[in-house]
$ cat coords_12.cif   # mmCIF, C-alpha atoms
data_upload
#
loop_
_atom_site.label_atom_id
_atom_site.label_comp_id
_atom_site.auth_asym_id
_atom_site.auth_seq_id
_atom_site.Cartn_x
_atom_site.Cartn_y
_atom_site.Cartn_z
CA MET A 1 84.30 55.07 124.34
CA HIS A 2 84.20 55.83 120.62
CA ASN A 3 84.57 52.13 119.73
CA HIS A 4 81.84 51.20 122.19
CA THR A 5 79.46 53.79 120.71
CA GLN A 6 80.26 52.66 117.19
CA ARG A 7 79.67 49.01 118.09
CA HIS A 8 76.36 49.91 119.74
CA HIS A 9 75.35 51.76 116.57
CA TRP A 10 76.13 48.77 114.34
CA LEU A 11 74.33 46.36 116.67
CA LEU A 12 71.18 48.49 116.45
CA ILE A 13 71.42 48.44 112.65
CA ALA A 14 71.88 44.65 112.70
CA LEU A 15 68.89 44.27 115.01
CA GLY A 16 66.72 46.40 112.73
CA LEU A 17 67.82 44.41 109.68
CA MET A 18 67.14 41.13 111.47
CA LEU A 19 63.63 42.25 112.41
CA ALA A 20 62.99 43.34 108.82
CA LEU A 21 64.15 39.95 107.51
CA LEU A 22 62.02 38.22 110.12
CA ALA A 23 58.98 40.15 108.92
CA TRP A 24 59.82 39.26 105.30
CA SER A 25 60.13 35.57 106.13
CA GLY A 26 56.75 35.59 107.83
CA VAL A 27 54.72 37.32 105.11
CA ARG A 28 53.93 34.23 103.04
CA PRO A 29 55.91 31.23 104.36
CA TYR A 30 55.46 27.89 102.64
CA ASP A 31 54.02 26.43 105.84
CA ARG A 32 53.01 28.69 108.75
CA ALA A 33 53.47 26.08 111.49
CA THR A 34 56.95 25.23 110.20
CA TRP A 35 57.84 28.92 110.11
CA TRP A 36 56.92 29.36 113.77
CA MET A 37 58.96 26.33 114.80
CA GLU A 38 61.99 27.36 112.77
CA ILE A 39 62.13 30.97 113.97
CA ALA A 40 61.39 30.07 117.62
CA PRO A 41 65.13 30.17 118.56
CA ILE A 42 65.27 33.77 117.30
CA LEU A 43 62.25 34.74 119.39
CA ILE A 44 64.03 33.31 122.44
CA ALA A 45 67.61 34.45 121.80
CA VAL A 46 66.97 38.09 120.82
CA PRO A 47 65.07 39.04 124.01
CA VAL A 48 67.69 37.25 126.13
CA MET A 49 70.51 39.17 124.44
CA LEU A 50 68.66 42.47 124.81
CA LEU A 51 67.95 41.92 128.50
CA SER A 52 71.53 40.82 129.25
CA TYR A 53 73.31 43.35 127.03
CA ARG A 54 74.33 45.80 129.76
CA ARG A 55 75.38 43.12 132.22
CA PHE A 56 76.94 40.61 129.81
CA PRO A 57 77.47 41.90 126.27
CA LEU A 58 78.86 39.31 123.90
CA SER A 59 81.91 39.66 121.67
CA SER A 60 81.39 41.23 118.25
CA LEU A 61 82.31 37.90 116.67
CA LEU A 62 79.38 36.21 118.37
CA TYR A 63 76.92 38.93 117.37
CA VAL A 64 77.97 38.55 113.72
CA LEU A 65 77.65 34.76 113.81
CA ILE A 66 74.32 34.89 115.63
CA PHE A 67 73.01 37.28 112.98
CA TRP A 68 73.95 34.89 110.15
CA HIS A 69 72.55 31.93 112.05
CA ALA A 70 69.28 33.83 112.33
CA VAL A 71 69.33 34.47 108.57
CA VAL A 72 69.74 30.73 107.95
CA LEU A 73 66.77 30.00 110.23
CA MET A 74 64.55 32.66 108.68
CA VAL A 75 65.23 31.52 105.11
CA GLY A 76 64.59 27.92 106.16
CA GLY A 77 61.37 28.95 107.83
CA ALA A 78 60.16 30.95 104.85
CA TYR A 79 60.70 28.25 102.22
CA SER A 80 60.91 25.14 104.47
CA TYR A 81 64.38 23.61 104.45
CA ALA A 82 63.70 21.08 101.70
CA ARG A 83 62.63 23.87 99.30
CA VAL A 84 65.24 26.61 99.78
CA PRO A 85 66.50 27.65 96.30
CA LEU A 86 70.12 27.88 97.46
CA GLY A 87 69.93 24.26 98.57
CA PHE A 88 68.83 23.13 95.10
CA GLU A 89 71.77 24.99 93.56
CA ILE A 90 74.18 23.31 95.97
CA ALA A 91 72.61 19.92 95.27
CA GLN A 92 73.02 20.41 91.52
CA LEU A 93 76.59 21.61 91.92
CA LEU A 94 77.60 18.66 94.11
CA GLY A 95 75.41 16.04 92.41
CA LEU A 96 73.33 15.37 95.53
CA HIS A 97 69.95 13.64 95.52
CA ARG A 98 68.43 15.90 98.20
CA ASN A 99 68.34 19.57 99.15
CA PRO A 100 71.19 20.00 101.68
CA TYR A 101 70.17 23.40 103.07
CA ASP A 102 69.14 21.85 106.40
CA LYS A 103 72.75 20.70 106.88
CA ILE A 104 73.83 24.35 106.71
CA GLY A 105 71.40 25.02 109.55
CA HIS A 106 72.78 22.18 111.64
CA PHE A 107 76.35 23.26 110.92
CA PHE A 108 75.49 26.68 112.37
CA GLN A 109 73.73 24.89 115.22
CA GLY A 110 77.16 23.61 116.17
CA LEU A 111 79.34 26.58 115.20
CA VAL A 112 77.50 29.31 117.10
CA PRO A 113 76.63 27.52 120.38
CA ALA A 114 80.22 26.23 120.65
CA LEU A 115 81.57 29.76 120.73
CA VAL A 116 78.75 31.01 122.96
CA ALA A 117 79.50 28.25 125.47
CA ARG A 118 83.23 28.90 125.25
CA GLU A 119 82.79 32.63 125.88
CA ILE A 120 80.52 32.11 128.86
CA LEU A 121 82.84 29.50 130.37
CA LEU A 122 85.92 31.69 129.96
CA ARG A 123 84.50 35.05 130.95
CA GLY A 124 82.69 33.56 133.91
CA GLY A 125 85.86 31.84 135.08
CA PHE A 126 84.02 28.54 135.29
CA VAL A 127 86.76 26.51 133.59
CA GLN A 128 90.51 26.80 133.20
CA GLY A 129 92.54 24.91 130.63
CA ARG A 130 92.17 24.54 126.89
CA LYS A 131 91.19 20.89 126.80
CA MET A 132 88.34 21.18 129.31
CA VAL A 133 86.93 24.30 127.62
CA VAL A 134 86.93 22.53 124.25
CA PHE A 135 85.40 19.39 125.72
CA LEU A 136 82.58 21.24 127.49
CA ALA A 137 81.84 23.47 124.48
CA ILE A 138 81.42 20.40 122.28
CA CYS A 139 79.29 18.72 124.98
CA VAL A 140 76.99 21.76 125.02
CA VAL A 141 76.65 21.61 121.24
CA MET A 142 75.81 17.92 121.21
CA ALA A 143 73.30 18.38 124.04
CA ILE A 144 71.57 21.16 122.08
CA SER A 145 71.61 19.06 118.90
CA ALA A 146 70.18 16.02 120.69
CA THR A 147 67.48 18.17 122.32
CA TYR A 148 66.52 19.59 118.93
CA GLU A 149 66.22 16.10 117.48
CA LEU A 150 63.99 15.11 120.41
CA ILE A 151 61.82 18.16 119.69
CA GLU A 152 61.55 17.03 116.07
CA TRP A 153 60.57 13.55 117.26
CA GLY A 154 57.91 15.05 119.53
CA ALA A 155 56.61 17.17 116.66
CA ALA A 156 56.41 14.10 114.45
CA LEU A 157 54.39 12.24 117.08
CA ALA A 158 52.09 15.17 117.76
CA MET A 159 51.53 16.36 114.19
CA GLY A 160 51.87 13.17 112.19
CA GLN A 161 52.36 13.90 108.50
CA GLY A 162 51.93 17.60 109.24
CA ALA A 163 55.44 17.66 110.67
CA ASP A 164 57.10 16.62 107.40
CA GLU A 165 58.04 20.19 106.43
CA PHE A 166 59.58 20.81 109.86
CA LEU A 167 61.49 17.53 109.90
CA GLY A 168 62.81 17.91 106.36
CA THR A 169 64.15 14.34 106.27
CA GLN A 170 63.48 14.05 102.51
CA GLY A 171 63.36 10.28 102.80
CA ASP A 172 66.78 9.97 104.46
CA PRO A 173 66.65 7.26 107.17
CA TRP A 174 69.89 8.62 108.68
CA ASP A 175 68.78 12.26 108.78
CA THR A 176 68.90 12.50 112.58
CA GLN A 177 72.43 11.12 112.77
CA SER A 178 73.71 13.31 109.93
CA ASP A 179 72.10 16.39 111.52
CA MET A 180 74.01 15.76 114.74
CA PHE A 181 77.20 15.05 112.80
CA PHE A 182 76.97 18.40 111.02
CA ALA A 183 76.46 20.13 114.37
CA LEU A 184 79.61 18.39 115.59
CA LEU A 185 81.47 19.52 112.46
CA GLY A 186 80.33 23.10 113.07
CA SER A 187 81.56 23.07 116.65
CA VAL A 188 84.94 21.61 115.70
CA ALA A 189 85.34 24.11 112.84
CA ALA A 190 84.56 27.01 115.19
CA LEU A 191 86.99 25.85 117.86
CA LEU A 192 89.77 25.24 115.34
CA THR A 193 89.47 28.50 113.41
CA LEU A 194 87.87 31.25 115.49
CA THR A 195 89.19 30.88 119.05
CA ARG A 196 92.15 33.25 118.64
CA LEU A 197 89.90 36.01 117.31
CA GLN A 198 87.44 35.34 120.11
CA ASP A 199 90.26 35.44 122.69
CA ARG A 200 91.40 38.84 121.43
CA GLN A 201 87.89 40.24 121.63
CA ILE A 202 87.32 38.79 125.10
CA ALA A 203 90.62 40.28 126.28
CA ALA A 204 89.64 43.67 124.84
CA MET A 205 86.44 43.48 126.88
CA GLY A 206 88.44 42.79 130.03
CA GLY A 207 87.51 39.11 130.19
CA LYS A 208 89.55 36.00 130.85
CA THR A 209 91.19 33.91 128.17
CA PRO A 210 93.18 30.66 128.38
CA PRO A 211 96.81 31.01 129.58
CA PRO A 212 99.27 31.53 126.67
CA LYS A 213 100.71 28.03 126.91
CA GLN A 214 97.22 26.54 126.75
CA ARG A 215 95.77 28.75 124.05
CA GLU A 216 94.23 27.00 121.03
CA ALA A 217 96.34 26.62 117.96
#
$ encode --input "coords_12.cif" --output "structure tokens"
Amino acid sequence: MHNHTQRHHWLLIALGLMLALLAWSGVRPYDRATWWMEIAPILIAVPVMLLSYRRFPLSSLLYVLIFWHAVVLMVGGAYSYARVPLGFEIAQLLGLHRNPYDKIGHFFQGLVPALVAREILLRGGFVQGRKMVVFLAICVVMAISATYELIEWGAALAMGQGADEFLGTQGDPWDTQSDMFFALLGSVAALLTLTRLQDRQIAAMGGKTPPPKQREA
């Protein structure tokens, strides 16, 4: 009970901090329309998590990762991805010709949904077996990534040049493909490095995890 109360306390603090950062990002964004489009996932995910918290609380690992994903989105929305200062520093450090901050966003777009899908599949008892769980989690990630690219395409058609800040292609003709590749990298990284921690937290919550012989390495 004490651990549950403590976790609830920290989640409320994280929620308050996220709302404060969201307000900061929206004070004077570089482009207001871009800001709305970039923070839209937060406006959808937070209410869903609040409404489902009592019935289906997520693991602490997921809440932490979702928080940092939201930070990435809010910073990208405030500056527009092609103008985030951190991205320029990374570009200078690695000798890149473009601001790579958007790739961080797409990496998280793979990392977080992969673990969300995995947790839902396991705790709901929808899938048994390591290989199928991994396969379906990656499929979910790629479906989300492809849908996001279609949304960008629709925005480009609807807004014309006004969508440039949202698209953030920076003249890269392979931007769509590289975005999806970074989402794939994020999902693979998550499934290779974080599944044991996630399994322990799911087990502590009374959920199902893969059988020992099928557990991820």
$ residues_around --input "coords_12.cif" --residues "range 23-31 of chain A" --least-positions-apart "3" --cutoff "6 Å" --atoms "only C-alpha atoms" --output "ChimeraX atom specification"
/A:20,34,74,78-79
$ atom_distance --input "coords_12.cif" --atom1 "CA of Ser59 in chain A" --atom2 "CA of Val72 in chain A"
20.4 Å
$ resolve_selection --input "coords_12.cif" --expression "the PyMOL selection byres ((chain A and resi 108-125) around 9)" --output "PyMOL selection string"
chain A and resi 58-59+62+65-66+68-69+72+103-107+126-128+133-134+136-142+144-145+180+182-191+194-195+198-199+202+206-210
$ residues_around --input "coords_12.cif" --residues "Phe88 in chain A" --least-positions-apart "3" --cutoff "8 Å" --atoms "all atoms listed in the file" --output "compact mmCIF listing (two decimals) with C-alpha atoms, keeping the file's coordinate frame"
# COMPACT_ATOMS: atom_id res chain seq x y z
CA ARG A 83 62.63 23.87 99.30
CA VAL A 84 65.24 26.61 99.78
CA PRO A 85 66.50 27.65 96.30
CA ALA A 91 72.61 19.92 95.27
CA GLN A 92 73.02 20.41 91.52
CA ARG A 98 68.43 15.90 98.20
CA ASN A 99 68.34 19.57 99.15
CA PRO A 100 71.19 20.00 101.68
$ atom_distance --input "coords_12.cif" --atom1 "CA of Met132 in chain A" --atom2 "CA of Thr193 in chain A"
17.5 Å
$ residues_around --input "coords_12.cif" --residues "Ile42 in chain A" --least-positions-apart "2" --cutoff "10 Å" --atoms "all atoms listed in the file" --output "list of chain:residue names"
A:Met18, A:Leu19, A:Leu22, A:Glu38, A:Ile39, A:Ala40, A:Ile44, A:Ala45, A:Val46, A:Pro47, A:Val48, A:Ile66, A:Phe67, A:His69, A:Ala70, A:Val71, A:Leu73, A:Met74
$ atom_distance --input "coords_12.cif" --atom1 "CA of Lys131 in chain A" --atom2 "CA of Phe181 in chain A"
20.6 Å
$ closest_residue --input "coords_12.cif" --among "A:Gly129, A:Thr176, A:Leu86, A:His8" --to "Leu150 in chain A" --atoms "all atoms listed in the file"
A:Thr176
$ closest_residue --input "coords_12.cif" --among "A:Tyr148, A:Met205, A:Arg130, A:Met37" --to "Leu192 in chain A" --atoms "only C-alpha atoms"
A:Arg130
$ closest_residue --input "coords_12.cif" --among "A:Arg55, A:Asn3, A:Asp179, A:Leu197" --to "Tyr101 in chain A" --atoms "only C-alpha atoms"
A:Asp179
$ closest_residue --input "coords_12.cif" --among "A:Gln201, A:Ala158, A:Tyr63, A:Ala146" --to "Gln177 in chain A" --atoms "only C-alpha atoms"
A:Ala146
